[in-house]
Amino acid sequence: MSTSLSIAQIIVCVALVAAILLQSKGTGLGSVFGGSGSVFQTRRGAEKGLFQLTIVLAVVFGLLSIATAALAPSVL
């Protein structure tokens, strides 16, 4: 069980890093493709989905970390 949790944690970790790196800091996804990045706009479309996916992955990663620590054998 611990092995499967560790594998799941690694997969979620890689996905979380990819989701974070895909986000452009402060410019928005529109300016990456040539749009104007100087005007503040709300998140829409793919940018909003990527933002929400990042939050979900972070929560899942935290829960997996707690579960892995709780199921780990005591070293004492």
# chains A, B, ... in the order shown; residues from 1 in each chain; ligands from 1
>>> residues_around(residues="range 59-70 of chain A", least_positions_apart="2", cutoff="9 Å", atoms="only C-alpha atoms", output="ChimeraX atom specification")
/A:2,5-6,8-10,12-13,16,54-57,72-73
>>> write_last_selection(atoms="N, CA and C atoms", output="compact mmCIF listing (two decimals), in the first residue's frame")
# COMPACT_ATOMS: atom_id res chain seq x y z
N SER A 2 1.94 1.21 0.78
CA SER A 2 2.84 2.36 0.85
C SER A 2 3.52 2.63 -0.49
N LEU A 5 1.07 4.38 -2.81
CA LEU A 5 0.92 5.78 -2.41
C LEU A 5 2.13 6.61 -2.84
N SER A 6 3.31 6.02 -2.74
CA SER A 6 4.51 6.73 -3.16
C SER A 6 4.53 6.96 -4.67
N ALA A 8 1.85 7.16 -6.61
CA ALA A 8 0.82 8.17 -6.87
C ALA A 8 1.33 9.56 -6.51
N GLN A 9 2.09 9.66 -5.41
CA GLN A 9 2.63 10.95 -4.99
C GLN A 9 3.63 11.48 -6.01
N ILE A 10 4.44 10.63 -6.58
CA ILE A 10 5.41 11.05 -7.59
C ILE A 10 4.69 11.54 -8.85
N VAL A 12 1.60 12.74 -9.08
CA VAL A 12 0.93 14.01 -8.78
C VAL A 12 1.96 15.14 -8.68
N CYS A 13 3.13 14.84 -8.13
CA CYS A 13 4.19 15.85 -8.01
C CYS A 13 4.65 16.34 -9.38
N LEU A 16 1.94 18.46 -10.86
CA LEU A 16 1.86 19.76 -10.19
C LEU A 16 2.97 20.69 -10.67
N THR A 54 -4.21 23.38 -10.77
CA THR A 54 -3.07 23.53 -9.87
C THR A 54 -3.52 23.44 -8.42
N ILE A 55 -4.64 24.05 -8.09
CA ILE A 55 -5.15 23.99 -6.72
C ILE A 55 -5.53 22.55 -6.35
N VAL A 56 -6.22 21.87 -7.25
CA VAL A 56 -6.63 20.49 -6.99
C VAL A 56 -5.41 19.59 -6.81
N LEU A 57 -4.42 19.74 -7.68
CA LEU A 57 -3.21 18.92 -7.58
C LEU A 57 -2.45 19.19 -6.28
N ALA A 72 3.51 5.12 7.24
CA ALA A 72 4.92 4.73 7.32
C ALA A 72 5.19 4.05 8.66
N PRO A 73 6.06 3.05 8.66
CA PRO A 73 6.38 2.38 9.93
C PRO A 73 7.15 3.30 10.85
>>> residues_around(residues="Leu22 in chain A", least_positions_apart="5", cutoff="10 Å", atoms="only C-alpha atoms", output="list in words")
Leu16, Val17, Leu29, Glu47, Leu50 and Phe51 of chain A
>>> atom_distance(atom1="CA of Leu71 in chain A", atom2="CA of Ile7 in chain A")
14.3 Å
>>> atom_distance(atom1="CA of Ile11 in chain A", atom2="CA of Arg44 in chain A")
26.8 Å
